[in-house]
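*Asks:* Provided herewith: data.csv, CSV, C-alpha atoms.
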```
chain,number,residue,atom,x,y,z
L,4,MET,CA,0.0,0.0,0.0
L,5,PHE,CA,1.3,3.5,-0.8
L,6,ILE,CA,0.2,7.1,-0.4
L,7,ARG,CA,0.0,9.5,-3.3
L,8,PRO,CA,-1.8,12.8,-4.2
L,9,ILE,CA,-5.4,12.3,-5.5
L,10,ALA,CA,-5.8,12.3,-9.3
L,11,HIS,CA,-8.8,13.0,-11.7
L,12,THR,CA,-9.2,9.3,-12.3
L,13,ASP,CA,-10.0,8.7,-8.6
L,14,LEU,CA,-13.4,10.5,-8.8
L,15,ASP,CA,-15.5,7.3,-8.9
L,16,ALA,CA,-13.7,5.7,-6.0
L,17,LEU,CA,-13.8,9.0,-4.0
L,18,PHE,CA,-17.5,9.2,-4.5
L,19,GLN,CA,-17.9,5.6,-3.2
L,20,ILE,CA,-15.8,6.5,-0.1
L,21,ALA,CA,-17.9,9.6,0.5
L,22,GLU,CA,-21.1,7.4,0.4
L,23,GLU,CA,-19.5,4.8,2.8
L,24,SER,CA,-18.4,7.4,5.3
L,25,GLY,CA,-21.9,8.4,6.2
L,26,PRO,CA,-23.5,11.6,7.7
L,27,GLY,CA,-21.3,13.8,9.9
L,28,PHE,CA,-18.2,13.3,7.7
L,29,THR,CA,-18.6,16.8,6.2
L,30,SER,CA,-15.2,17.0,4.5
L,31,LEU,CA,-16.2,14.3,2.0
L,32,MET,CA,-19.9,14.5,1.0
L,33,PRO,CA,-21.4,12.3,-1.8
L,34,ASP,CA,-21.8,15.0,-4.4
L,35,ARG,CA,-19.9,14.2,-7.6
L,36,ASP,CA,-19.6,17.9,-8.7
L,37,ALA,CA,-18.3,19.0,-5.3
L,38,LEU,CA,-15.9,16.1,-5.2
L,39,ALA,CA,-14.6,16.9,-8.7
L,40,ARG,CA,-14.0,20.5,-7.6
L,41,LYS,CA,-12.2,19.2,-4.5
L,42,ILE,CA,-9.9,17.0,-6.7
L,43,ASP,CA,-9.2,20.0,-9.0
L,44,HIS,CA,-8.4,22.2,-6.0
L,45,SER,CA,-6.1,19.6,-4.6
L,46,ILE,CA,-4.2,19.0,-7.8
L,47,ALA,CA,-3.7,22.8,-8.2
L,48,SER,CA,-2.5,23.1,-4.6
L,49,PHE,CA,0.1,20.4,-5.0
L,50,GLY,CA,1.4,22.1,-8.1
L,51,ARG,CA,1.4,25.6,-6.7
L,52,ALA,CA,4.6,27.4,-5.5
L,53,VAL,CA,3.8,28.5,-2.0
L,54,ALA,CA,5.6,30.9,0.4
L,55,ARG,CA,2.9,31.0,3.0
L,56,PRO,CA,-0.4,29.1,3.5
L,57,THR,CA,-3.6,30.4,1.9
L,58,ASP,CA,-6.5,28.3,0.6
L,59,GLU,CA,-4.5,25.2,-0.4
L,60,HIS,CA,-6.1,21.8,0.1
L,61,TYR,CA,-4.1,18.7,-0.1
L,62,LEU,CA,-6.0,15.4,-0.5
L,63,PHE,CA,-4.1,12.1,-0.5
L,64,VAL,CA,-5.2,8.6,-1.2
L,65,LEU,CA,-4.0,5.2,0.0
L,66,GLU,CA,-3.8,2.7,-2.9
L,67,ASP,CA,-3.4,-1.0,-2.9
L,68,GLU,CA,-0.5,-1.5,-5.3
L,69,HIS,CA,-1.7,-5.0,-6.4
L,70,THR,CA,-5.3,-4.2,-7.2
L,71,GLY,CA,-5.2,-0.4,-7.8
L,72,GLU,CA,-8.1,0.0,-5.4
L,73,LEU,CA,-8.3,3.1,-3.1
L,74,MET,CA,-8.1,1.9,0.5
L,75,GLY,CA,-8.8,5.3,2.1
L,76,THR,CA,-8.2,9.1,2.1
L,77,THR,CA,-6.5,11.7,4.2
L,78,GLY,CA,-6.1,15.4,3.8
L,79,ILE,CA,-4.8,18.8,4.9
L,80,GLU,CA,-6.4,22.3,4.7
L,81,ALA,CA,-3.5,24.7,4.8
L,82,ALA,CA,-5.3,27.7,6.4
L,83,VAL,CA,-8.9,27.5,7.4
L,84,GLY,CA,-11.5,30.2,8.1
L,85,HIS,CA,-10.3,32.9,5.7
L,86,HIS,CA,-12.9,32.4,2.9
L,87,ARG,CA,-15.5,30.6,5.0
L,88,PRO,CA,-15.8,31.1,8.8
L,89,LEU,CA,-14.8,28.1,10.8
L,90,GLN,CA,-17.1,28.2,13.8
L,91,HIS,CA,-17.2,26.2,17.0
L,92,PHE,CA,-18.9,26.2,20.4
L,93,ARG,CA,-16.5,27.0,23.3
L,94,ARG,CA,-17.2,25.4,26.6
L,95,ASN,CA,-17.1,27.9,29.4
L,96,THR,CA,-17.9,27.8,33.1
L,97,VAL,CA,-20.0,30.7,34.5
L,98,THR,CA,-20.3,31.4,38.2
L,99,HIS,CA,-23.5,33.0,39.6
L,100,HIS,CA,-22.8,34.4,43.1
L,101,SER,CA,-25.0,36.2,45.6
L,102,ARG,CA,-22.8,37.6,48.4
L,103,ASP,CA,-25.9,38.7,50.4
L,104,LEU,CA,-27.5,35.3,50.3
L,105,GLY,CA,-24.2,33.4,50.5
L,106,LEU,CA,-25.2,31.4,47.4
L,107,ARG,CA,-22.9,30.3,44.6
L,108,ARG,CA,-23.6,28.2,41.5
L,109,GLN,CA,-21.4,27.2,38.6
L,110,VAL,CA,-22.9,26.3,35.2
L,111,GLU,CA,-21.5,25.3,31.9
L,112,THR,CA,-22.2,27.3,28.8
L,113,LEU,CA,-21.5,26.9,25.0
L,114,SER,CA,-20.6,30.1,23.2
L,115,ARG,CA,-20.2,30.4,19.4
L,116,CYS,CA,-16.8,31.6,18.3
L,117,ASN,CA,-14.3,31.8,15.3
L,118,HIS,CA,-11.2,30.8,17.3
L,119,TYR,CA,-9.1,28.9,14.7
L,120,THR,CA,-9.0,31.3,11.8
L,121,GLY,CA,-5.7,30.8,9.8
L,122,CYS,CA,-4.8,27.4,11.4
L,123,THR,CA,-3.9,24.3,9.4
L,124,GLU,CA,-6.5,21.6,9.7
L,125,ILE,CA,-6.0,17.9,9.1
L,126,CYS,CA,-9.1,16.2,7.7
L,127,SER,CA,-10.8,13.6,5.5
L,128,LEU,CA,-9.1,10.6,7.2
L,129,TYR,CA,-11.1,7.5,6.2
L,130,LEU,CA,-10.0,3.9,6.0
L,131,ARG,CA,-12.5,1.6,4.2
L,132,PRO,CA,-13.5,-1.3,6.5
L,133,GLU,CA,-12.4,-4.0,4.1
L,134,PHE,CA,-8.9,-2.6,4.0
L,135,ARG,CA,-8.3,-2.2,7.7
L,136,ARG,CA,-4.9,-3.9,8.2
L,137,ALA,CA,-1.7,-3.4,10.1
L,138,ASN,CA,-0.3,0.1,9.9
L,139,ALA,CA,-2.8,1.4,7.4
L,140,GLY,CA,-4.4,3.8,9.8
L,141,LYS,CA,-1.1,4.9,11.1
L,142,LEU,CA,0.1,5.6,7.6
L,143,LEU,CA,-3.0,7.7,6.7
L,144,SER,CA,-2.7,9.7,10.0
L,145,ARG,CA,1.0,10.2,10.3
L,146,VAL,CA,1.9,10.8,6.6
L,147,ARG,CA,0.4,14.2,6.8
L,148,PHE,CA,2.8,15.3,9.5
L,149,LEU,CA,5.8,14.1,7.4
L,150,PHE,CA,4.5,16.1,4.5
L,151,MET,CA,4.2,19.2,6.8
L,152,ALA,CA,7.8,18.6,8.1
L,153,LEU,CA,9.0,18.5,4.5
L,154,HIS,CA,7.2,21.7,3.5
L,155,PRO,CA,6.6,23.8,6.6
L,156,GLU,CA,6.2,27.0,4.6
L,157,ARG,CA,2.9,25.6,3.3
L,158,PHE,CA,1.3,25.4,6.7
L,159,ALA,CA,0.4,27.4,9.8
L,160,ASP,CA,2.1,27.3,13.2
L,161,ARG,CA,-0.9,25.6,14.8
L,162,VAL,CA,-2.6,22.4,13.5
L,163,ILE,CA,-6.1,21.4,14.4
L,164,ALA,CA,-8.4,18.3,13.9
L,165,GLU,CA,-12.2,18.3,14.1
L,166,MET,CA,-13.2,14.9,15.4
L,167,ARG,CA,-16.5,13.4,14.4
L,168,GLY,CA,-19.0,13.5,17.2
L,169,VAL,CA,-21.6,11.0,18.3
L,170,SER,CA,-24.3,9.9,15.9
L,171,ASP,CA,-26.2,6.6,15.2
L,172,THR,CA,-26.3,4.4,12.1
L,173,ALA,CA,-29.4,6.3,10.9
L,174,GLY,CA,-27.4,9.6,11.0
L,175,HIS,CA,-29.1,11.1,14.1
L,176,SER,CA,-27.0,13.2,16.5
L,177,PRO,CA,-28.3,13.5,20.1
L,178,PHE,CA,-26.8,17.0,20.3
L,179,TRP,CA,-28.3,18.1,17.0
L,180,ASN,CA,-31.7,16.7,17.9
L,181,TRP,CA,-31.8,19.2,20.8
L,182,LEU,CA,-30.7,22.1,18.6
L,183,LYS,CA,-33.2,21.1,15.9
L,184,THR,CA,-36.0,21.2,18.4
L,185,HIS,CA,-35.2,24.7,19.6
L,186,PHE,CA,-33.4,26.5,16.8
L,187,VAL,CA,-32.9,24.9,13.4
L,188,ASP,CA,-35.8,22.8,12.1
L,189,MET,CA,-33.6,20.7,9.8
L,190,GLU,CA,-32.4,17.1,9.9
L,191,PHE,CA,-28.8,16.4,10.9
L,192,ALA,CA,-27.9,14.8,7.5
L,193,ALA,CA,-29.4,17.8,5.6
L,194,ALA,CA,-27.4,20.3,7.8
L,195,THR,CA,-24.1,18.4,7.3
L,196,ARG,CA,-24.7,18.2,3.5
L,197,LEU,CA,-25.1,22.0,3.4
L,198,VAL,CA,-21.9,22.5,5.4
L,199,GLY,CA,-20.0,20.0,3.2
L,200,ALA,CA,-21.1,21.8,0.1
L,201,GLY,CA,-19.9,25.1,1.5
L,202,HIS,CA,-23.4,26.6,2.3
L,203,THR,CA,-22.9,27.9,5.8
L,204,GLY,CA,-25.2,31.1,5.7
L,205,PHE,CA,-27.8,29.4,7.8
L,206,ILE,CA,-25.4,29.2,10.8
L,207,GLU,CA,-25.5,33.0,11.1
L,208,GLU,CA,-29.2,33.2,10.4
L,209,LEU,CA,-30.5,30.4,12.6
L,210,MET,CA,-27.9,29.2,15.1
L,211,PRO,CA,-28.0,30.8,18.6
L,212,THR,CA,-25.7,33.8,19.1
L,213,HIS,CA,-26.1,33.9,22.9
L,214,PRO,CA,-24.4,31.4,25.2
L,215,LEU,CA,-26.3,28.1,25.7
L,216,TYR,CA,-26.7,26.8,29.3
L,217,THR,CA,-26.0,23.1,29.0
L,218,CYS,CA,-28.0,22.4,32.1
L,219,LEU,CA,-31.1,23.3,30.1
L,220,MET,CA,-30.3,20.7,27.4
L,221,SER,CA,-31.6,17.2,27.3
L,222,GLU,CA,-29.6,14.6,29.1
L,223,GLU,CA,-28.8,12.9,25.8
L,224,ALA,CA,-27.4,16.1,24.3
L,225,ARG,CA,-25.3,16.9,27.4
L,226,ALA,CA,-23.8,13.4,27.5
L,227,VAL,CA,-22.2,13.6,24.0
L,228,ILE,CA,-20.6,17.1,24.3
L,229,GLY,CA,-16.9,16.6,23.6
L,230,GLN,CA,-17.3,12.9,22.8
L,231,VAL,CA,-16.3,11.1,19.6
L,232,HIS,CA,-18.0,8.7,17.3
L,233,GLU,CA,-17.1,5.1,18.1
L,234,HIS,CA,-15.3,4.7,14.7
L,235,THR,CA,-13.3,7.9,15.4
L,236,ARG,CA,-11.7,6.7,18.7
L,237,PRO,CA,-8.7,5.0,17.1
L,238,ALA,CA,-8.0,8.2,15.1
L,239,LEU,CA,-8.3,10.3,18.3
L,240,HIS,CA,-5.9,8.0,20.1
L,241,LEU,CA,-3.3,8.4,17.3
L,242,LEU,CA,-3.6,12.2,17.5
L,243,GLU,CA,-3.3,12.2,21.3
L,244,ALA,CA,-0.1,10.2,20.9
L,245,GLU,CA,1.2,12.9,18.5
L,246,GLY,CA,0.6,15.6,21.2
L,247,PHE,CA,-2.8,16.9,20.2
L,248,ARG,CA,-5.1,18.0,23.1
L,249,HIS,CA,-8.7,19.2,23.4
L,250,GLN,CA,-8.9,22.8,24.6
L,251,GLY,CA,-12.7,23.0,25.1
L,252,LEU,CA,-13.9,23.8,21.5
L,253,VAL,CA,-16.6,21.5,20.0
L,254,ASP,CA,-18.4,21.2,16.7
L,255,LEU,CA,-21.6,23.2,16.2
L,256,PHE,CA,-23.6,20.2,14.9
L,257,ASP,CA,-22.6,17.0,16.7
L,258,ALA,CA,-20.5,18.5,19.6
L,259,GLY,CA,-17.4,16.4,18.7
L,260,PRO,CA,-14.2,17.8,20.1
L,261,THR,CA,-11.6,19.7,18.2
L,262,VAL,CA,-8.0,18.9,19.2
L,263,GLU,CA,-4.9,21.1,18.5
L,264,CYS,CA,-1.1,21.1,18.6
L,265,PRO,CA,1.7,23.5,17.6
L,266,LEU,CA,3.2,22.2,14.3
L,267,THR,CA,6.8,22.0,15.7
L,268,ASP,CA,5.5,20.0,18.8
L,269,ILE,CA,3.9,17.2,16.8
L,270,ARG,CA,5.7,14.0,17.6
L,271,SER,CA,6.1,12.8,14.0
L,272,VAL,CA,7.4,16.2,12.9
L,273,ARG,CA,10.0,16.1,15.7
L,274,GLU,CA,11.0,12.5,15.2
L,275,ALA,CA,11.0,12.2,11.4
L,276,ARG,CA,14.6,12.0,10.1
L,277,ALA,CA,16.2,12.8,6.7
L,278,TRP,CA,18.1,9.9,5.1
L,279,ARG,CA,20.2,9.4,2.0
L,280,VAL,CA,19.0,6.5,-0.2
L,281,GLU,CA,21.1,3.7,-1.5
L,282,ILE,CA,19.6,1.0,-3.7
L,283,ASP,CA,20.7,-2.6,-3.2
L,284,GLN,CA,21.0,-4.3,-6.6
L,285,GLN,CA,22.2,-7.5,-4.9
L,286,PRO,CA,21.9,-9.0,-1.4
L,287,PRO,CA,24.5,-7.4,0.9
L,288,SER,CA,27.7,-9.4,1.7
L,289,ARG,CA,28.3,-10.7,5.2
L,290,PHE,CA,30.8,-7.9,5.7
L,291,GLN,CA,28.3,-5.3,4.7
L,292,ALA,CA,25.5,-6.9,6.7
L,293,ARG,CA,27.7,-6.7,9.9
L,294,ARG,CA,28.0,-2.9,9.4
L,295,ARG,CA,24.3,-2.3,9.0
L,296,ASP,CA,21.5,-1.9,11.5
L,297,GLY,CA,18.1,-3.2,10.6
L,298,PHE,CA,15.0,-1.4,11.7
L,299,ALA,CA,13.0,-3.7,14.0
L,300,LEU,CA,9.9,-1.5,13.7
L,301,PRO,CA,7.9,-0.8,10.5
L,302,LEU,CA,9.2,2.3,8.9
L,303,LEU,CA,7.1,5.1,7.3
L,304,ILE,CA,9.2,6.4,4.3
L,305,THR,CA,8.4,9.3,2.0
L,306,ASN,CA,10.2,11.0,-0.8
L,307,THR,CA,10.7,14.7,-0.6
L,308,GLU,CA,8.5,15.8,-3.6
L,309,THR,CA,5.2,17.8,-3.6
L,310,ALA,CA,3.1,17.0,-6.7
L,311,ASP,CA,4.9,13.6,-7.0
L,312,PHE,CA,4.8,12.9,-3.3
L,313,ARG,CA,4.8,9.2,-2.4
L,314,ALA,CA,4.9,7.3,1.0
L,315,THR,CA,4.7,3.7,2.2
L,316,VAL,CA,5.4,1.5,5.1
L,317,LEU,CA,8.4,-0.9,4.9
L,318,THR,CA,9.6,-3.6,7.3
L,319,GLY,CA,13.1,-4.9,7.8
L,320,VAL,CA,14.9,-1.9,6.2
L,321,ASP,CA,18.7,-1.9,6.6
L,322,SER,CA,20.5,1.3,7.5
L,323,ARG,CA,23.9,2.9,8.3
L,324,PRO,CA,23.0,5.5,10.9
L,325,ASP,CA,26.6,6.7,11.0
L,326,LEU,CA,26.3,7.6,7.3
L,327,GLY,CA,22.6,8.6,7.4
L,328,THR,CA,21.9,5.9,4.8
L,329,LEU,CA,18.9,3.7,4.1
L,330,TYR,CA,19.2,0.7,1.8
L,331,LEU,CA,16.1,-0.1,-0.3
L,332,ARG,CA,15.4,-2.8,-2.9
L,333,PRO,CA,14.9,-1.6,-6.5
L,334,ASP,CA,11.1,-2.2,-6.4
L,335,GLN,CA,10.8,-0.3,-3.1
L,336,ALA,CA,12.7,2.7,-4.6
L,337,ARG,CA,10.6,2.7,-7.8
L,338,GLN,CA,7.4,2.8,-5.7
L,339,LEU,CA,8.6,5.9,-3.9
L,340,GLY,CA,10.2,7.5,-6.9
L,341,LEU,CA,13.7,7.4,-5.3
L,342,VAL,CA,17.1,6.9,-6.8
L,343,SER,CA,20.5,6.1,-5.3
L,344,GLY,CA,22.0,9.2,-3.7
L,345,GLY,CA,18.5,10.8,-3.4
L,346,ALA,CA,16.9,12.0,-0.2
L,347,CYS,CA,14.0,10.6,1.8
L,348,ARG,CA,12.3,11.2,5.1
L,349,ALA,CA,11.6,8.2,7.5
L,350,LEU,CA,9.8,7.7,10.8
L,351,PRO,CA,9.6,4.4,12.8
L,352,LEU,CA,5.9,3.5,13.5
L,353,GLY,CA,6.5,2.8,17.2
L,354,ARG,CA,8.9,3.4,20.0
L,355,SER,CA,12.0,1.6,21.2
L,356,GLN,CA,11.4,-0.6,24.3
L,357,ASP,CA,13.5,1.2,26.8
L,358,ALA,CA,13.0,2.5,30.3
L,359,SER,CA,11.9,6.0,29.0
L,360,THR,CA,9.0,4.6,26.9
L,361,PRO,CA,5.6,5.3,28.5
L,362,ALA,CA,3.8,2.1,29.4
L,363,LEU,CA,0.9,3.0,27.1
L,364,HIS,CA,3.1,2.6,24.0
L,365,ARG,CA,4.2,-0.9,25.1
L,366,ILE,CA,0.7,-2.4,25.1
L,367,ARG,CA,-1.4,-3.6,22.2
L,368,PRO,CA,-3.2,-0.9,20.3
L,369,GLU,CA,-6.7,-2.4,20.8
L,370,ILE,CA,-6.1,-2.3,24.6
L,371,ALA,CA,-5.0,1.3,24.4
L,372,TYR,CA,-8.1,2.2,22.4
L,373,ALA,CA,-10.3,0.5,25.0
L,374,HIS,CA,-8.5,2.3,27.9
```
Let me see the structure of the file written as structure tokens.

*Replies:*
Amino acid sequence: MFIRPIAHTDLDALFQIAEESGPGFTSLMPDRDALARKIDHSIASFGRAVARPTDEHYLFVLEDEHTGELMGTTGIEAAVGHHRPLQHFRRNTVTHHSRDLGLRRQVETLSRCNHYTGCTEICSLYLRPEFRRANAGKLLSRVRFLFMALHPERFADRVIAEMRGVSDTAGHSPFWNWLKTHFVDMEFAAATRLVGAGHTGFIEELMPTHPLYTCLMSEEARAVIGQVHEHTRPALHLLEAEGFRHQGLVDLFDAGPTVECPLTDIRSVREARAWRVEIDQQPPSRFQARRRDGFALPLLITNTETADFRATVLTGVDSRPDLGTLYLRPDQARQLGLVSGGACRALPLGRSQDASTPALHRIRPEIAYAH
């Protein structure tokens, strides 16, 4: 499996992914014309010379090299909120206090805000169920950070991710159901379709402008504020391991949390290393083998291109750390568009098992997700 920028020929597969992802996944809506425009925008963004981030959108796909099928998608918005406001609810605590009566009461409120204007947003991460295999999710999530590390001028200093909130299989959100009853008489799926298509005027016209007291909401609505969809928990876990944290802002429609991290503090950005590539035409001799160190962990490897960007996960890669050299087979180098003497960026998909490693990273992922 390998990552590449999306192409015009991917429209049919992208439409199928948009249908599979369901309501609430607003960055990919099942609208062929809108998806075609998104592909055009992405191709133009990859090909554009950029000194600072503006309206670029980078959409990547994960392809099965044997079948040519698209396994999933992942994307980056370079700078959100400039052409279309990016609005959230901010969770606040308000204290009501009567000194004369000696009474004090704290209540939570939700206030609409435009806090993240100009930030880079990671988005559109979706791995199709039939392709969920070892390291596929990690590749889709972490490859974005290696692309940012390669091209920091294209992105903002702060990176955010809007996590999908709680909704059921029929597309009903408990949080939206309460808002619908009192403010916006529209089904959740219809509201998310409008947002996905870029029609956000109804937010200013119909959504509440004054703080909402959460104690006046239904119990079902309150229970999902800041919670993620069950299918989103693994993605949230990966982002938390990268250093992303929730700072109290939630989505206007399903109350899913938005997490954030400074670009330079993202774990993958800090730990990705530049390497020189050498291609092994023949198996190494015993003498050469003794001088090499093999990576025990799977290795996420990318080239350093933009429009021709490629990435994959390899296991058992040999290296010479003292020379900063990785040794690849010819087929591996071709897949990544690399030549001998060229440069690549690599990141181990795990941590070494030493005393400084947090215990969480030494247990199986499925246990971590459950915890």

*Asks:* Counting all atoms listed in the file, which residues sit no farther than 10 Å from the position (-3.6, 8.5, 0.6) in the file's frame? I'd like them as an NGL selection string.

*Replies:* :L and (4-9 or 62-66 or 73-78 or 128-130 or 139 or 142-144 or 146-147 or 313-315)

*Asks:* If you measure from CA of Asn117 in chain L to CA of Thr57 in chain L, what distance in Å do you get, rounded to one decimal?

*Replies:*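 Atom-to-atom, CA of Asn117 in chain L and CA of Thr57 in chain L are spaced 17.2 Å apart.
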
*Asks:* Neighbouring residues of Gly344 in chain L were defined as those with any atom within 7 Å, considering all atoms listed in the file; residues of the same chain fewer than 4 positions away were excluded. Please report them as JSON, numbers by chain.

*Replies:* {"L": [279, 280, 281]}

*Asks:* CA of Gln338 in chain L and CA of Leu149 in chain L are how many Å apart?

*Replies:*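 Straight-line distance from CA of Gln338 in chain L to CA of Leu149 in chain L works out to 17.4 Å.
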
*Asks:* For CA of Ala277 in chain L and CA of Asp334 in chain L, determine how far apart the two atoms are, in Å to one decimal place.

*Replies:*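 Straight-line distance from CA of Ala277 in chain L to CA of Asp334 in chain L works out to 20.6 Å.
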
*Asks:* In terms of the shortest atom-to-atom distance over all atoms listed in the file, which of L:Gly229, L:Ser271, L:Gly327, L:Phe186 is closest to Leu209 in chain L?

*Replies:* L:Phe186

*Asks:* Counting only C-alpha atoms, which residues in range 80-101 of chain L sit no more than 9 Å from range 247-253 of chain L? For each one, give the nearest pair of atoms and the distance in Å, sorted by chain then residue number, as JSON lines.

*Replies:*
```
{"residue": "L:His91", "atom": "CA", "partner": "L:Val253", "partner_atom": "CA", "distance": 5.6}
{"residue": "L:Phe92", "atom": "CA", "partner": "L:Val253", "partner_atom": "CA", "distance": 5.2}
{"residue": "L:Arg93", "atom": "CA", "partner": "L:Leu252", "partner_atom": "CA", "distance": 4.5}
{"residue": "L:Arg94", "atom": "CA", "partner": "L:Gly251", "partner_atom": "CA", "distance": 5.3}
{"residue": "L:Asn95", "atom": "CA", "partner": "L:Gly251", "partner_atom": "CA", "distance": 7.9}
```

*Asks:* Closest to Glu274 in chain L among L:Leu303, L:Leu317, L:Leu255, L:Leu329, using all atoms listed in the file?

*Replies:*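 Nearest candidate to Glu274 in chain L out of L:Leu303, L:Leu317, L:Leu255, L:Leu329: L:Leu303.
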
*Asks:* In terms of the shortest atom-to-atom distance over only C-alpha atoms, which of L:Gln109, L:Thr318, L:Thr120, L:Thr217 is closest to Ala137 in chain L?

*Replies:*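 Nearest to Ala137 in chain L: L:Thr318.
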